[in-house]
Amino acid sequence: MATNFTYLASSERYSHMATMYNRCGKSGVLLPKVSLGFWHNFGDDAPFERSRAITRYAFDHGVTHFDFANNYGVPAGSAETNFGRLMDEDFRPYRDELFISSKAGYGMWDGPYGEWGSRKYLMASLDQSLRRMRLDYVDLFYSHRYDPNTPIEETLHALVDIVQAGKALYVGISNWPLEPLKAATRYLRERDVPLLIYQGRLNMLNREPIEEGILDFCREEGIGFIAYSPLAQGLLTDRYLNGVPSDSRMAQEHFLKSDRRTPELLHYLHELEAQGKASGRSIAQEALNWVLAQNGVTSVIVGASSVEQLKNNLETIL
Ligand code: NDP
């Protein structure tokens with residue numbers, strides 16, 4: 001383990017306390033309005049020093065919340081492993097200033113115990129995440145998706161026990177439909193481990209959490225809501241205005257397919273661009289601003305493949 005830290009965080013990092021943070025539901029936790037997600041651009045498939053620069057830039061500007069899942073990065077798990085190295089080399093002195101989340105739910109290892117919502121899987125997965133990230137605990141642990149074949153009591157009881165074992169401080173739920181979310185809220189509240197936050201996909205092109213009543217439910221119940229893919233994986237930026245750059249997510253044709261770049265989308269983007277010009281905002285800033293303006297949204301989790309992108313996104317709120 002490195003003992004001589006070469007990274008000294010900016011002394012200005014909390015100079016925007018009044019505007020940078022939102023209370024997470026009715027909890028004691030403040031989260032930055034813009035959080036950083038480690039799904040893409042932080043695995044072994046990305047240059048480590050670029051990932052380090054983005055992470056440092058985030059923290060230097062008050063982004064205290066970093067979002068992971070067991071399977072992030074290529075290969076799966078490498079985003080957490082690389083962050084473990086960053087913990088040892090850069091961030092160990094700042095552990096108590098960081099709010100780190102991870103999740104389990106999607107396929108992570110072979111065999112019957114490597115995905116979904118069993119106690120067996122959740123417990124083992126969090127232990128693996130902690131080892132990869134070189135952490136004693138995460139601040140927040142999520143069930144990453146609803147498992148229709150596991151009793152929700154089994155999944156939720158595992159979350160409660162994880163908190164009671166000190167391996168996570170808070171629990172969250174991601175991608176669950178409304179009815180099981182309501183049941184989970186009751187179950188967890190009765191056990192004094194209230195649901196801190198719901199993580200769902202919300203952006204100008206995907207409004208399901210609003211349409212399905214999830215955002216309203218969270219607000220009414222005092223549960224935070226954090227929006228993932230607020231830029232629709234980059235669609236809601238200037239990235240694809242003039243084609244598909246070879247270093248972009250769309251060029252990989254995996255999670256973001258080029259058939260999403262339709263004439264209708266380009267028309268929509270040009271309208272957003274024109275709308276933003278009036279207020280001096282980029283397309284990305286217009287898109288993030290829209291999500292943050294929805295009543296009940298605590299934070300947006302942005303991805304970034306460069307410091308410049310993150311800087312542009314943070315200018316939405318700074
Ligand atoms: P975004 O919608 O923010 O998309 C990020 C991508 O958009 C970047 O990788 C980059 O693309 C492009 N981009 C970002 N900022 C700019 C900018 N200012 N100008 C131009 N292009 C820009 O989010 P993600 O889809 O990456 O998701 C964010 C996080 O949400 C994840 O890391 C993860 O933590 C979480 N998440 C959770 C899920 C869940 O099931 N709970 C599912 C998905 C995500 P490029 O890389 O091509 O440059």
# chains A, B, ... in the order shown; residues from 1 in each chain; ligands from 1
call {"tool": "residues_near_ligand", "arguments": {"ligand": "ligand 1", "cutoff": "8 Å", "atoms": "only C-alpha atoms and all ligand atoms", "output": "JSON, numbers by chain"}}
result
{"A": [36, 37, 38, 39, 40, 41, 66, 67, 68, 69, 72, 103, 144, 145, 174, 175, 199, 200, 201, 203, 227, 228, 229, 230, 231, 232, 233, 234, 235, 236, 237, 238, 239, 245, 247, 248, 249, 250, 251, 282, 283, 284, 285, 300, 301, 302, 303, 304, 305, 306, 308, 309, 310, 311, 312, 313]}
call {"tool": "select_by_dssp", "arguments": {"residues": "segment 67-300 of chain A", "states": "strand (DSSP E)", "output": "MDAnalysis selection string"}}
result
chainID A and resid 67 99:104 138:143 168:174 195:201 224:228 299:300
call {"tool": "select_by_dssp", "arguments": {"residues": "segment 3-246 of chain A", "states": "alpha helix (DSSP H)", "output": "count of residues only"}}
result
79
call {"tool": "atom_distance", "arguments": {"atom1": "atom CA of Phe91 of chain A", "atom2": "atom CA of Lys167 of chain A"}}
result
19.1 Å
call {"tool": "residues_around", "arguments": {"residues": "Leu195 of chain A", "least_positions_apart": "4", "cutoff": "7 Å", "atoms": "only C-alpha atoms", "output": "list in words"}}
result
Val171, Gly172, Thr185, Leu188 and Ile223 of chain A
call {"tool": "closest_residue", "arguments": {"among": "A:Trp290, A:Tyr113, A:Tyr7, A:Phe141", "to": "Phe99 of chain A", "atoms": "only C-alpha atoms"}}
result
A:Phe141
call {"tool": "atom_distance", "arguments": {"atom1": "atom CA of Trp109 of chain A", "atom2": "atom CA of Ala124 of chain A"}}
result
10.7 Å
call {"tool": "decode", "arguments": {"residues": "segment 143-185 of chain A", "atoms": "N, CA and C atoms", "output": "compact mmCIF listing (two decimals), in the first residue's frame"}}
result
# COMPACT_ATOMS: atom_id res chain seq x y z
N SER A 143 -29.88 -3.32 -3.96
CA SER A 143 -30.37 -4.40 -4.81
C SER A 143 -30.51 -3.78 -6.20
N HIS A 144 -29.78 -4.32 -7.18
CA HIS A 144 -29.63 -3.68 -8.49
C HIS A 144 -30.85 -3.90 -9.39
N ARG A 145 -31.58 -5.01 -9.13
CA ARG A 145 -32.81 -5.23 -9.91
C ARG A 145 -33.75 -6.11 -9.11
N TYR A 146 -35.02 -6.00 -9.45
CA TYR A 146 -36.06 -6.81 -8.81
C TYR A 146 -35.97 -8.24 -9.31
N ASP A 147 -36.07 -9.19 -8.39
CA ASP A 147 -36.00 -10.60 -8.75
C ASP A 147 -37.38 -11.22 -8.52
N PRO A 148 -38.11 -11.51 -9.59
CA PRO A 148 -39.49 -12.01 -9.42
C PRO A 148 -39.53 -13.42 -8.84
N ASN A 149 -38.40 -14.12 -8.80
CA ASN A 149 -38.40 -15.51 -8.33
C ASN A 149 -37.86 -15.70 -6.93
N THR A 150 -37.43 -14.62 -6.30
CA THR A 150 -36.95 -14.70 -4.91
C THR A 150 -37.93 -13.91 -4.06
N PRO A 151 -38.38 -14.46 -2.94
CA PRO A 151 -39.27 -13.67 -2.06
C PRO A 151 -38.57 -12.35 -1.70
N ILE A 152 -39.30 -11.23 -1.78
CA ILE A 152 -38.61 -9.96 -1.50
C ILE A 152 -38.11 -9.94 -0.06
N GLU A 153 -38.78 -10.68 0.84
CA GLU A 153 -38.31 -10.71 2.23
C GLU A 153 -36.88 -11.25 2.31
N GLU A 154 -36.54 -12.20 1.45
CA GLU A 154 -35.18 -12.76 1.49
C GLU A 154 -34.16 -11.70 1.07
N THR A 155 -34.46 -11.02 -0.02
CA THR A 155 -33.55 -9.96 -0.50
C THR A 155 -33.42 -8.86 0.55
N LEU A 156 -34.57 -8.45 1.08
CA LEU A 156 -34.55 -7.29 2.00
C LEU A 156 -33.92 -7.65 3.34
N HIS A 157 -34.17 -8.87 3.80
CA HIS A 157 -33.56 -9.28 5.06
C HIS A 157 -32.04 -9.30 4.91
N ALA A 158 -31.56 -9.71 3.75
CA ALA A 158 -30.11 -9.69 3.51
C ALA A 158 -29.59 -8.25 3.59
N LEU A 159 -30.34 -7.30 3.03
CA LEU A 159 -29.91 -5.89 3.09
C LEU A 159 -29.85 -5.41 4.54
N VAL A 160 -30.87 -5.78 5.32
CA VAL A 160 -30.89 -5.39 6.74
C VAL A 160 -29.66 -5.97 7.45
N ASP A 161 -29.40 -7.24 7.21
CA ASP A 161 -28.27 -7.89 7.89
C ASP A 161 -26.93 -7.28 7.46
N ILE A 162 -26.85 -6.86 6.21
CA ILE A 162 -25.63 -6.22 5.72
C ILE A 162 -25.36 -4.92 6.49
N VAL A 163 -26.43 -4.17 6.73
CA VAL A 163 -26.28 -2.95 7.52
C VAL A 163 -25.90 -3.30 8.96
N GLN A 164 -26.59 -4.30 9.51
CA GLN A 164 -26.30 -4.64 10.90
C GLN A 164 -24.90 -5.21 11.07
N ALA A 165 -24.34 -5.79 10.02
CA ALA A 165 -22.96 -6.30 10.08
C ALA A 165 -21.94 -5.18 9.86
N GLY A 166 -22.42 -3.97 9.57
CA GLY A 166 -21.50 -2.85 9.38
C GLY A 166 -20.84 -2.82 8.01
N LYS A 167 -21.36 -3.61 7.07
CA LYS A 167 -20.74 -3.63 5.74
C LYS A 167 -21.31 -2.55 4.82
N ALA A 168 -22.45 -2.01 5.18
CA ALA A 168 -23.03 -0.86 4.46
C ALA A 168 -23.72 0.02 5.51
N LEU A 169 -23.71 1.32 5.26
CA LEU A 169 -24.36 2.22 6.21
C LEU A 169 -25.84 2.40 5.87
N TYR A 170 -26.15 2.36 4.57
CA TYR A 170 -27.53 2.58 4.11
C TYR A 170 -27.84 1.58 2.99
N VAL A 171 -29.13 1.40 2.74
CA VAL A 171 -29.51 0.52 1.63
C VAL A 171 -30.35 1.27 0.61
N GLY A 172 -30.25 0.80 -0.63
CA GLY A 172 -30.98 1.39 -1.73
C GLY A 172 -31.55 0.31 -2.63
N ILE A 173 -32.43 0.74 -3.50
CA ILE A 173 -33.08 -0.16 -4.45
C ILE A 173 -33.01 0.47 -5.83
N SER A 174 -32.71 -0.34 -6.82
CA SER A 174 -32.60 0.18 -8.18
C SER A 174 -33.44 -0.67 -9.11
N ASN A 175 -34.15 0.00 -9.99
CA ASN A 175 -34.89 -0.66 -11.08
C ASN A 175 -36.04 -1.54 -10.61
N TRP A 176 -36.52 -1.43 -9.39
CA TRP A 176 -37.67 -2.22 -8.94
C TRP A 176 -38.96 -1.54 -9.42
N PRO A 177 -39.97 -2.33 -9.79
CA PRO A 177 -41.28 -1.73 -10.10
C PRO A 177 -41.92 -1.13 -8.84
N LEU A 178 -42.98 -0.36 -9.06
CA LEU A 178 -43.58 0.41 -7.96
C LEU A 178 -44.12 -0.48 -6.83
N GLU A 179 -44.87 -1.53 -7.16
CA GLU A 179 -45.52 -2.30 -6.09
C GLU A 179 -44.50 -2.97 -5.16
N PRO A 180 -43.52 -3.69 -5.69
CA PRO A 180 -42.50 -4.23 -4.77
C PRO A 180 -41.70 -3.14 -4.06
N LEU A 181 -41.56 -2.00 -4.71
CA LEU A 181 -40.88 -0.87 -4.02
C LEU A 181 -41.68 -0.44 -2.80
N LYS A 182 -43.00 -0.40 -2.94
CA LYS A 182 -43.84 -0.01 -1.80
C LYS A 182 -43.69 -1.04 -0.67
N ALA A 183 -43.72 -2.31 -1.03
CA ALA A 183 -43.58 -3.37 -0.01
C ALA A 183 -42.20 -3.27 0.65
N ALA A 184 -41.18 -3.00 -0.13
CA ALA A 184 -39.81 -2.90 0.41
C ALA A 184 -39.71 -1.73 1.37
N THR A 185 -40.35 -0.64 1.02
CA THR A 185 -40.31 0.55 1.87
C THR A 185 -40.88 0.22 3.25
